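Enquirer: Pasting a structure here, questions to come.
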Amino acid sequence: MMYFAPWKIALIALACLASVIFSIPSFFPAATVAGWPNWLPKRQVSLGLDLRGGAHLLLEVDTSVVLRERLEALVEGARNELRQARIGYTNLSVSGTNSVVVRLRDAAQTEQARQLLIKLALPVQSTSGLGFGTGPVDMDLSSTADGQLRMTLSEPALQERARNAVTQSIEIVRRRIDQTGVSEPTIQRQGADRILVQLPGIDDPERIKRLLGTTAKLTFRMVDVGADPNAPAPPGSEILEGDSRAERYVVKRKVEVAGDNLVDAQAGYDQRGGQAVVNFRFDTVGGKRFAEITQQAVGQPFAIVLDNKVLSAPVIREPILGGSGQISGNFTTASANDLAVLLRAGALPAPLKVVEERTVGPDLGEDSIRAGLISIGAAAVLVVIYMVLAYGLFGLFANVALIVNLVMTLAAMSLLQATLTLPGIAGLLLTLGMSVDANVLINERIREETKIGKSPMAAMSAGFSRAFSTIVDANVTTLIKMALLYALGSGAVKGFAVTISIGILTSMFTATVLVRLMMVTWLRQRRPTLLPV
Amino acid sequence: MYKLRLIPDNTSYPFMKGRIIGLAMSAFLSVISVILFFHPGLNYGIDFKGGIVIEARLQQPADFPALRTLIGNLDLGHAALQQFGSPNDVLIRLERQGTEDSAAQRAADKVRATLQQSYPGTEIRRVEAVGASVSEGLFRDGMLAMGLAMVAMLIYIWFRFEWQFGIGAIATLVLDVTKTIGFYVITDIQFNLVAIAAVLTIMGFSVNDKVVVYDRVRENLRKYKTLPLRELIDKSINETLNRTVNTSITVFLSTLPLALFGGEAVSEFAIVLLFGIVLATSSSIFIAAPILLFLGENRLRRGQPSDQPEAKAAAQRP
């Protein structure tokens, strides 16, 4: 216990040196560190959002919308199928949360209708990828003798659809945020239908929230010219409002071309009026489709619809064959830019709601860091003074271990890329106190052993070995708690758990190994007859 | 070299004489804390209740009556306004906005927009908006963390010591946690996620302290085969007294600056910890040890029948 082989001493020295080296970058501004040569360590302690400023947003995917859309698609599909087959029906509607019903005028046509409607079922998009085409479908079709048909979406299919919507949303959110140029965003799924987005250092959280809060479902549809916007819409059409204007349009439900078919969108200015517009380009399929409708419908207005609001409804003057077009509307330069970002990234399958927001401005973060540094400095001075007063030379050894422990914690956090948060600074201070605890235990033990008449070497050896199991017990209990806090806590509190855990582990090394080495070396050189405890 | 010894060496305070009064005091304080917990109850922060906190720095010293009217006119329920740091800094708290999760977000946006409109140049330093169901989830997780921590401690100490030690430590922990909750009610400090971290940290101190005393009891049980348990526990506490005091002081000293200079948000956390340090230290001596004495009498000495009558006799001495 009290003998250190030269290679062990070398190893301990190396560990201390390495932690000093790896903690150095954290003491300099990021810009300075970036300019360092590559052979120097560059990893810094990553600061939590509460210290560096930024936004923490918890978004919830409204999966009920996806399900409703599927039901509405079923209604629309059934209408088309039955009409084409000239089967008379009444009361075609969504019923409850997961089914669509229709009553046939002539019950004798039930079987024929069945054959048509069963085609509306879609295969369940199974993540396993097997059973393509022959796998389970998302809908059950039942009929009664009096000519009522009921299409019910199955529970697994609904769940699968909701899950896909969340996965897809995460992808779209990622693309949108990448477009805004935020550095180091964190985007992850949380629970069944939530997405956690962390954006360090952003100065305009409002813009990001606007971007994420827009579904951005873009469709090109024909305007139902014959219908009156103030009367109930005819079947197959719906009444939509204009964007920010009190205008109403009757628009066909049928989507001619959708935003999915866009390959690019850029903000620009209209060549005539100088108004902000969004220029877009279709992919091959979209371009062809767009060419077709513009050829067929010259002279008629078509509507550009974004999230159920009509952006504009220009009249087609001539066929548009080039596969590109322009959206005009009530845009400012910024909003045209944002719409371009949204269109490039694609539409969200379902609306997102912000259910939790925590935003910290950069100035507040700086204030917190300053307060934290002052506290750490003051705490270190107080503890160092007390330890020297209480234990003299051995207190000094403990103090060296304390400083090394702080440096080591910092180095470990930099290497592990653990996040330092405001509660984490508190954790750092607590480990300062707790790491000294191990040395208090050891020193008290050495005192006791000395008092019962043991030689300095024997007392020291007994002091360390006896105190060790106590130190382990005390620290393991704290580690268990911090693990729980990490698992169940969130955000800043997690940082507290991480900081304390790392601090405890490093303190086990500094308090027992490093201090022992210092004491033994001192003992060998001085050979005192009485220990100064 | 001069050494500071707050506790003289070789003390032999008869701590166990005060066991009844210690336990009674502790139980009394804990019962009061539990009553306080139900009435008036904890001041739950928005983490656990849902709601909004906005910290804003105005260009000029804040005119609170005007601000109150301004925010009040938004019709968002009860708004609490508070000066926070400098006279220009305002902290606005709004209560939970209905059951819908996104309502908190909409209300926060409203307040933010109103502030920036009425006081141009206002710096919004911090916004926290927590939806109703999110806060319920956070509360559940927080309580779960505390509960699991208790169970984990019980299992660990049970595993490392005899069961009497485990029960002793957990009973003390329950008493400590209830008092900490009581402290939260009395000081009206917000009970939020950070409070869970504070309670868990105090639990950590407390168990840490108990482990040190229990470790010594266990060691002495092996060393002094015939010493009555009561004297043995007293001896163990006295032997570890210097350590207990010194550790508590160093942890206290390292937390104190945080309470003084840590800034508005962290200082509350630090104040609770300071309370917890004192609490955990005293409970090791006056609660955990007496419980061990009650539970361990006759039992911890099994296997040495000759000791039993002596232990009983010791316990009966006034």
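Quick note on naming: the chains in the structure tokens go A, B, ... in the order shown, residues restart at 1 in each chain, and ligands are numbered from 1 in order of appearance.
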Show which residues sit within 10 Å of Pro14 (chain B), as a list in words. Count only C-alpha atoms, and ignore same-chain residues fewer than 6 positions away.
Expert: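 Residues near the query, excluding close chain neighbours: Arg230, Glu231, Ile233, Asp234, Lys235, Ile237 and Asn238 of chain B.
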Enquirer: Using only N, CA and C atoms, please write the residues we just selected to a file, as a compact mmCIF listing (two decimals), in the first residue's frame.
Expert:
```
# COMPACT_ATOMS: atom_id res chain seq x y z
N ARG B 230 -24.88 0.52 23.40
CA ARG B 230 -25.09 1.95 23.62
C ARG B 230 -23.75 2.68 23.79
N GLU B 231 -22.87 2.10 24.58
CA GLU B 231 -21.57 2.74 24.78
C GLU B 231 -20.75 2.67 23.51
N ILE B 233 -21.88 2.72 20.45
CA ILE B 233 -22.33 3.72 19.49
C ILE B 233 -21.82 5.10 19.91
N ASP B 234 -21.92 5.39 21.19
CA ASP B 234 -21.38 6.66 21.68
C ASP B 234 -19.91 6.80 21.32
N LYS B 235 -19.18 5.72 21.55
CA LYS B 235 -17.74 5.73 21.28
C LYS B 235 -17.49 5.99 19.79
N ILE B 237 -19.43 7.46 17.61
CA ILE B 237 -19.75 8.84 17.21
C ILE B 237 -18.63 9.78 17.64
N ASN B 238 -18.16 9.57 18.86
CA ASN B 238 -17.09 10.45 19.35
C ASN B 238 -15.83 10.30 18.52
```
Enquirer: For chain B, list the residues within 7 Å of chain A, counting only C-alpha atoms, and write the list as a count of residues only.
Expert: 43
Enquirer: Could you pull the residues within 7 Å of Asn220 (chain B), counting only C-alpha atoms, minus those fewer than 4 positions along the same chain, as a CSV table (one decimal) with C-alpha atoms, in the first residue's frame?
Expert:
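Dumped everything to result00.csv:
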```csv
chain,number,residue,atom,x,y,z
B,216,ARG,CA,-17.1,2.9,12.6
B,224,TYR,CA,-14.9,-4.5,21.3
B,232,LEU,CA,-20.2,1.4,21.6
```
Enquirer: Pick out the closest residue to Asn192 (chain B) from this set: B:Ile92, B:Ile249, B:Leu70, B:Ile46. Count only C-alpha atoms.
Expert: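 Between B:Ile92, B:Ile249, B:Leu70, B:Ile46, the residue approaching Asn192 (chain B) most closely is B:Ile46.
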Enquirer: In terms of the shortest atom-to-atom distance over only C-alpha atoms, which of B:Arg96, B:Lys210, B:Lys110, B:His39 is closest to Asn73 (chain B)?
Expert: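 Using only C-alpha atoms, Asn73 (chain B) sits closest to B:Lys110.
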Enquirer: What residues in region 66-184 of chain B get the DSSP label strand (DSSP E)? Please answer as a ChimeraX atom specification.
Expert: /B:79-84,86-95,123-130
Enquirer: Env of Ala288 (chain B): 7 Å cut, atoms = only C-alpha atoms, seq-sep filter 6 positions within chain, self excluded. Answer as an NGL selection string.
Expert: :B and (168-169 or 172 or 210)
Enquirer: Using only C-alpha atoms, which residues sit within 8 Å of region 281-286 of chain B once same-chain residues fewer than 6 positions away are excluded, as a list in words?
Expert: Phe15, Met16, Gly18, Arg19, Gly22, Leu23, Thr172, Asp176, Ser206, Asp209, Lys210, Val213, Ile237, Thr244, Val245 and Ser248 of chain B
Enquirer: List the neighbours of Leu406 (chain A) out to 8 Å using only C-alpha atoms; skip same-chain residues closer than 3 positions along the sequence, and give me the result as a ChimeraX atom specification.
Expert: /A:402-403,409-410,428,432,503
Enquirer: Can you tell me which residues surround Phe331 (chain A) at a distance of at most 12 Å, considering only C-alpha atoms, apart from same-chain residues fewer than 2 positions away, and format the answer as a list in words?
Expert: Asp243, Ser244, Ala267, Gly268, Tyr269, Asp270, Gly274, Gln275, Ala276, Val277, Val278, Leu311, Ser312, Ile327, Ser328, Gly329, Thr333, Ala334, Ser335, Ala336, Asn337, Asp338, Leu339 and Ala340 of chain A
Enquirer: Identify which of the residues A:Thr186, A:Glu111, A:Arg174, A:Met2 lies closest to Met460 (chain A), counting only C-alpha atoms when measuring atom-to-atom distances.
Expert: A:Met2
Enquirer: Which distance in Å separates CA of Ile202 (chain A) and CA of Gln179 (chain A), to one decimal?
Expert: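 CA of Gln179 (chain A) lies at a distance of 13.7 Å from CA of Ile202 (chain A).
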Enquirer: Take CA of Leu531 (chain A) and CA of Leu517 (chain A) and report the distance between them in Å, one decimal.
Expert: 15.6 Å
Enquirer: Please extract the residues of region 31-244 of chain B with a backbone DSSP assignment of alpha helix (DSSP H) and present them as an MDAnalysis selection string.
Expert: chainID B and resid 31:36 46:49 64:72 102:118 132:160 163:187 193:223 229:244
Enquirer: Could you tell me how far CA of Leu295 (chain B) lies from CA of Leu175 (chain B), in Å and to one decimal?
Expert: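 Computing it gives 16.7 Å between the two atoms.
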